[in-house]
Every structure is written in structure tokens, then in C-alpha cells.
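Notes follow the structure.
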Amino acid sequence: MKRLLIMGCLSYLLTGCTHVIFGAVLPELLAHYGRSYSGGGLLVFLQFGGFMLGVLAMPTLIRRISRRSTITMAFCFLFVAMLAIGLLPPWPVVIGLTFLAGISFGLVESSISTFVLMAAKDQQAVAFSKLEVFFGLGALFMPLVSSLLIANGLWKLAFMLLGLSALATGIIWSKLSLGEHDELLAHKADRSQKADRIPDLSKKSFIFLSLLMTVFFLYCGMENTIVNFLPSIFKDQLQASSSVSTLGVTAYWLTMVVGRLFAGALAEKMTYFKYLAFSFALSLITVIIWVFSTNLWSSFAVILLLGLFMSGMFAVALIYANQLLPGRTEQTTSALIASGGLGGAILPLGVGWGMDHFHVGVSIWFVLISMCVVFGIIMYTRRWQAPVLVAKA
């Protein structure tokens, strides 16, 4: 299990880097191709579109070619996409490669998350929170590395470094032995045998899954809104400088990473439902304070607390859903991560439109309303705590 977690964390570190690399070098990339920020929006949309396709295709690919082959193939695709973008091909090629990169890290994230959940058994929250820590580290450090490369006129090397790292990781996955988990890593469906039937969703189970998909849709929309628009909020509402405004995002990710170090153990001790209930309640209170915050330093305090309280939501909600929908780990995980990807792509666009046409404070009100909705949904799911939902055979 230790070796699996090490490889899972390394892989999540790379997906965290992939998640933010376009944003980190976007001004230089657009300037090179003479494109406006609408071109950048297109790249973000295509990356998330590819991500959702990769996540949704994961269960089928694993059954057909095995988990090992799926992960290795995904890293090879990521290597090709990143290396080719680093060579600065024509713009239409960059668009296609961005979509391919999205497919790749969607496959990696969903494949490894389901693998760890199936292998960890009684320590799912602890194991998954470690993956989330390294995802956060990748999202935190990639902009720092990119800024150093940009300062030296070498920004395109950011893509090449990520591509070569993906190739090395893919080679390791193709040769790796995980001991007792090798069978699970190499397993694929036997075409000559009738495949084990995946349990069907009962009406209650379908409602529960739909509610949790809504939670993931809104949560990822909130997170991406905070990450993308926090500098604008600090700059326009609090008259902070550009450099200070950018520090807000760094502060948010720092407490995200710190919170994820302890989220798994806390969730196992408190139960998944109680952890989610307290996390969303404290986050809601924090956002209410944010609405009335007019001071720069109090806003920084709010962001630090918000990152801390939101840090374990994604991982624990994913485990919570799988606990109450047994026998459907790959399908449930795929559906929830895809819902999050959709929310992370669509909702920030709507918020950005609202900020352009109304006021920058629209973003904070969006986070507040969304937090109210997800908190209400989580509290509503308490009715299914006992007995555990069992899908029909």
C-alpha cells in the first residue's frame, strides 16, 4: 500500500501541475500567438472538456485494457501533448493538444483515485487526503516554477518539463509491482466470461447520487471561482496591488494543502457525514463574514480560513458517496469527478460574465449562495445514514 500511495501522490502532483499550467503561462502563450483572452477561455474549456471525456471513459477503458494500461497510456498522451505544445506548433494544433492533455489528466486522476479507494479499504479518507495534498502542491508550485522560467524567457520549457515528467511516471507505472495490489492493477474484464454485473441504482440511490453530483458541480465551481477571481476581488474591491492580490491565491492554496494533511484522519475519527457537515457549516460562516469584509487583512484571514475549511471536502465527499453506494466505485467516482469538472468549467464563466456586467462582488455572492445550497444538500443526505443505501442486484 505504501508503494501505491507514493506513486499515487507523484501522479496527483503532476495532475495538479497540469490543472494550472495553462493559467500560469497564459499571457506569454497568448502573446506568442497574438490571441486575446477569449482564446485563453477556449483553451480552458477544451482542457475541461477533455478532462470530462477522460473521466467518463475511465471505467470502460479499465475493463477493456486494464488499469495499468489505462494509466500508462494516459501519461504517454500527456507527454505527447505537453512536449508538442512546448514546441509552439500552429494555434489549431495547440487547441487539439489541449483537449488531449485534458483527456490524459482526466484518465489519470479518475483511474488512480478509484484504485486507491478500492485498495485502501478501512483507511480511505487518510489515503485519499494524501493524494489531495500532492494535487494542491502541484497547483501551488507550478505557477512558481513557471514564473521563474518566464522571468528568464524560457516559459515554453514549463510544458516540456511537465511532458518529460509524465513520460517518466508512465514508464514507472508500466513496470511497477505493487505486491498484493498487482492483480487489481492488471485486472481487465474476461471477454470469454459473462462480466460481473454492476449493481443497478435503486430510486433512492439515484436521488442520492444526483444530489452528490450537484454538490461536486457547485464545489468545483466555487473553488475555480475563488482561484481565478480572487486577485480581481482584492484589486477592485480592496485597492490592493497586483502582487499583493496574487498572494491571496497562494494563501488559499497553502491552507488547502495544510488542511488536507489532517482532513483524512479527522474524517475517519468524526465520520464522513459529520466532517462534511462541519466543514460546509464553517465555510458558510466564513463566506458570510467575507461578504461584509472591507479590510485587506481581514479578507486575507477569511481566505486562509476558507482554504482550511474547504480542504477536505472533495476527498471526503467522494468517499462518503462510495460508502453509501457499494459495488459501484469506478462508476460513482467517475460520475462525481466529471460533475466537478463540468462545474469548474461552466460556473466561473457565468461568474466572470456577472462581474463584467454588474459588480466584482458577484463572485462572493455566488460562493455564498452555492455554499448555502451544498450545505443544505449535505444535511438532507443525513436521512440515508442508516441503513446504508444498497443498490439493487
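Letters for chains follow the order of the C-alpha cells (A, B, ...), residue numbers begin at 1 for each chain, and ligand numbers begin at 1 in the order shown.
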For this session: Write out as JSON, numbers by chain each polymer residue whose atoms come within 10 Å of stretch 40-49 of chain A, counting only C-alpha atoms; drop sequence neighbours fewer than 6 positions from it.
Result: {"A": [18, 19, 20, 22, 23, 26, 27, 29, 30, 94, 95, 96, 97, 98, 99, 100, 101, 102, 103, 104, 105, 106, 338, 340, 341, 342, 343, 344, 345, 346, 349]}
For this session: Can you pull out every residue within 12 Å of A:Leu144, counting only C-alpha atoms, but drop anything in the same chain fewer than 5 positions away, and send it as a PyMOL selection string?
Result: chain A and resi 17+20-21+23-25+137-139+149-151+155+158+246-247+250
For this session: Between atom CA of A:Ala301 and atom CA of A:Leu318, measure the distance and give it in Å to one decimal.
Result: 28.0 Å
For this session: May I have the residues within 9 Å of A:Thr381 as a PyMOL selection string, using only C-alpha atoms and disregarding those fewer than 5 positions away in the same chain?
Result: chain A and resi 208+211-212+273+376
Can I get the selected residues back with all heavy atoms, as a PDB file, in the first residue's frame?
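The resulting file, out06.pdb, is reproduced below:
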ATOM      1  N   PHE A 208     -29.745  10.036  -4.325  1.00  0.00           N
ATOM      2  CA  PHE A 208     -28.554  10.346  -3.531  1.00  0.00           C
ATOM      3  C   PHE A 208     -27.383  10.714  -4.440  1.00  0.00           C
ATOM      4  O   PHE A 208     -26.691  11.714  -4.204  1.00  0.00           O
ATOM      5  CB  PHE A 208     -28.194   9.143  -2.663  1.00  0.00           C
ATOM      6  CG  PHE A 208     -26.924   9.315  -1.878  1.00  0.00           C
ATOM      7  CD1 PHE A 208     -26.902  10.084  -0.727  1.00  0.00           C
ATOM      8  CD2 PHE A 208     -25.748   8.715  -2.300  1.00  0.00           C
ATOM      9  CE1 PHE A 208     -25.726  10.258  -0.005  1.00  0.00           C
ATOM     10  CE2 PHE A 208     -24.574   8.872  -1.589  1.00  0.00           C
ATOM     11  CZ  PHE A 208     -24.565   9.643  -0.440  1.00  0.00           C
ATOM     12  N   LEU A 211     -27.848  14.140  -5.991  1.00  0.00           N
ATOM     13  CA  LEU A 211     -27.586  15.207  -5.024  1.00  0.00           C
ATOM     14  C   LEU A 211     -26.084  15.424  -4.838  1.00  0.00           C
ATOM     15  O   LEU A 211     -25.600  16.568  -4.790  1.00  0.00           O
ATOM     16  CB  LEU A 211     -28.240  14.882  -3.681  1.00  0.00           C
ATOM     17  CG  LEU A 211     -29.773  14.955  -3.630  1.00  0.00           C
ATOM     18  CD1 LEU A 211     -30.288  14.420  -2.299  1.00  0.00           C
ATOM     19  CD2 LEU A 211     -30.255  16.387  -3.845  1.00  0.00           C
ATOM     20  N   LEU A 212     -25.338  14.319  -4.736  1.00  0.00           N
ATOM     21  CA  LEU A 212     -23.883  14.449  -4.563  1.00  0.00           C
ATOM     22  C   LEU A 212     -23.221  14.997  -5.831  1.00  0.00           C
ATOM     23  O   LEU A 212     -22.234  15.738  -5.747  1.00  0.00           O
ATOM     24  CB  LEU A 212     -23.282  13.103  -4.188  1.00  0.00           C
ATOM     25  CG  LEU A 212     -23.055  12.854  -2.684  1.00  0.00           C
ATOM     26  CD1 LEU A 212     -21.981  13.787  -2.130  1.00  0.00           C
ATOM     27  CD2 LEU A 212     -24.342  13.029  -1.892  1.00  0.00           C
ATOM     28  N   PHE A 273     -19.949  11.949   7.341  1.00  0.00           N
ATOM     29  CA  PHE A 273     -21.052  12.910   7.329  1.00  0.00           C
ATOM     30  C   PHE A 273     -20.770  14.087   8.266  1.00  0.00           C
ATOM     31  O   PHE A 273     -20.945  15.245   7.894  1.00  0.00           O
ATOM     32  CB  PHE A 273     -22.371  12.239   7.724  1.00  0.00           C
ATOM     33  CG  PHE A 273     -23.476  13.226   7.952  1.00  0.00           C
ATOM     34  CD1 PHE A 273     -24.131  13.803   6.878  1.00  0.00           C
ATOM     35  CD2 PHE A 273     -23.831  13.617   9.240  1.00  0.00           C
ATOM     36  CE1 PHE A 273     -25.132  14.753   7.074  1.00  0.00           C
ATOM     37  CE2 PHE A 273     -24.826  14.551   9.442  1.00  0.00           C
ATOM     38  CZ  PHE A 273     -25.475  15.116   8.353  1.00  0.00           C
ATOM     39  N   GLY A 376     -27.086  22.660   2.548  1.00  0.00           N
ATOM     40  CA  GLY A 376     -28.434  22.106   2.652  1.00  0.00           C
ATOM     41  C   GLY A 376     -28.517  20.689   2.114  1.00  0.00           C
ATOM     42  O   GLY A 376     -29.178  19.818   2.710  1.00  0.00           O
TER      43      GLY A 376
END
Problem set entry | Residues within 12 Å of A:Phe292, only C-alpha atoms, excluding chain neighbours under 3 positions, as a PyMOL selection string | chain A and resi 237+285-289+295-296+298-299+302+361+364-365+368
Problem set entry | Residues of stretch 289-378 of chain A in alpha helix (DSSP H), written as a PyMOL selection string | chain A and resi 289-291+296-310+313-324+329-357+362-378
Problem set entry | Residue contacts of A:Glu183 (12 Å, only C-alpha atoms) excluding same-chain residues fewer than 6 positions away, as an MDAnalysis selection string | chainID A and resid 66:68 115 119 177
Problem set entry | atom CA of A:Ile171 to atom CA of A:Thr72, distance in Å rounded to a single decimal |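 Separation of atom CA of A:Ile171 and atom CA of A:Thr72: 7.0 Å.
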Exercise. With only C-alpha atoms as the atoms that count, which of A:Gly264, A:Gly221, A:Gly39, A:Gly327 lies nearest to A:Val351?
Worked result: A:Gly221
Exercise. Which is closer to A:Gly54 than all the others in A:Ala251, A:Met7, A:Val108, A:Val373, using only C-alpha atoms?
Worked result: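 Of A:Ala251, A:Met7, A:Val108, A:Val373, the one nearest A:Gly54, counting only C-alpha atoms, is A:Val108.
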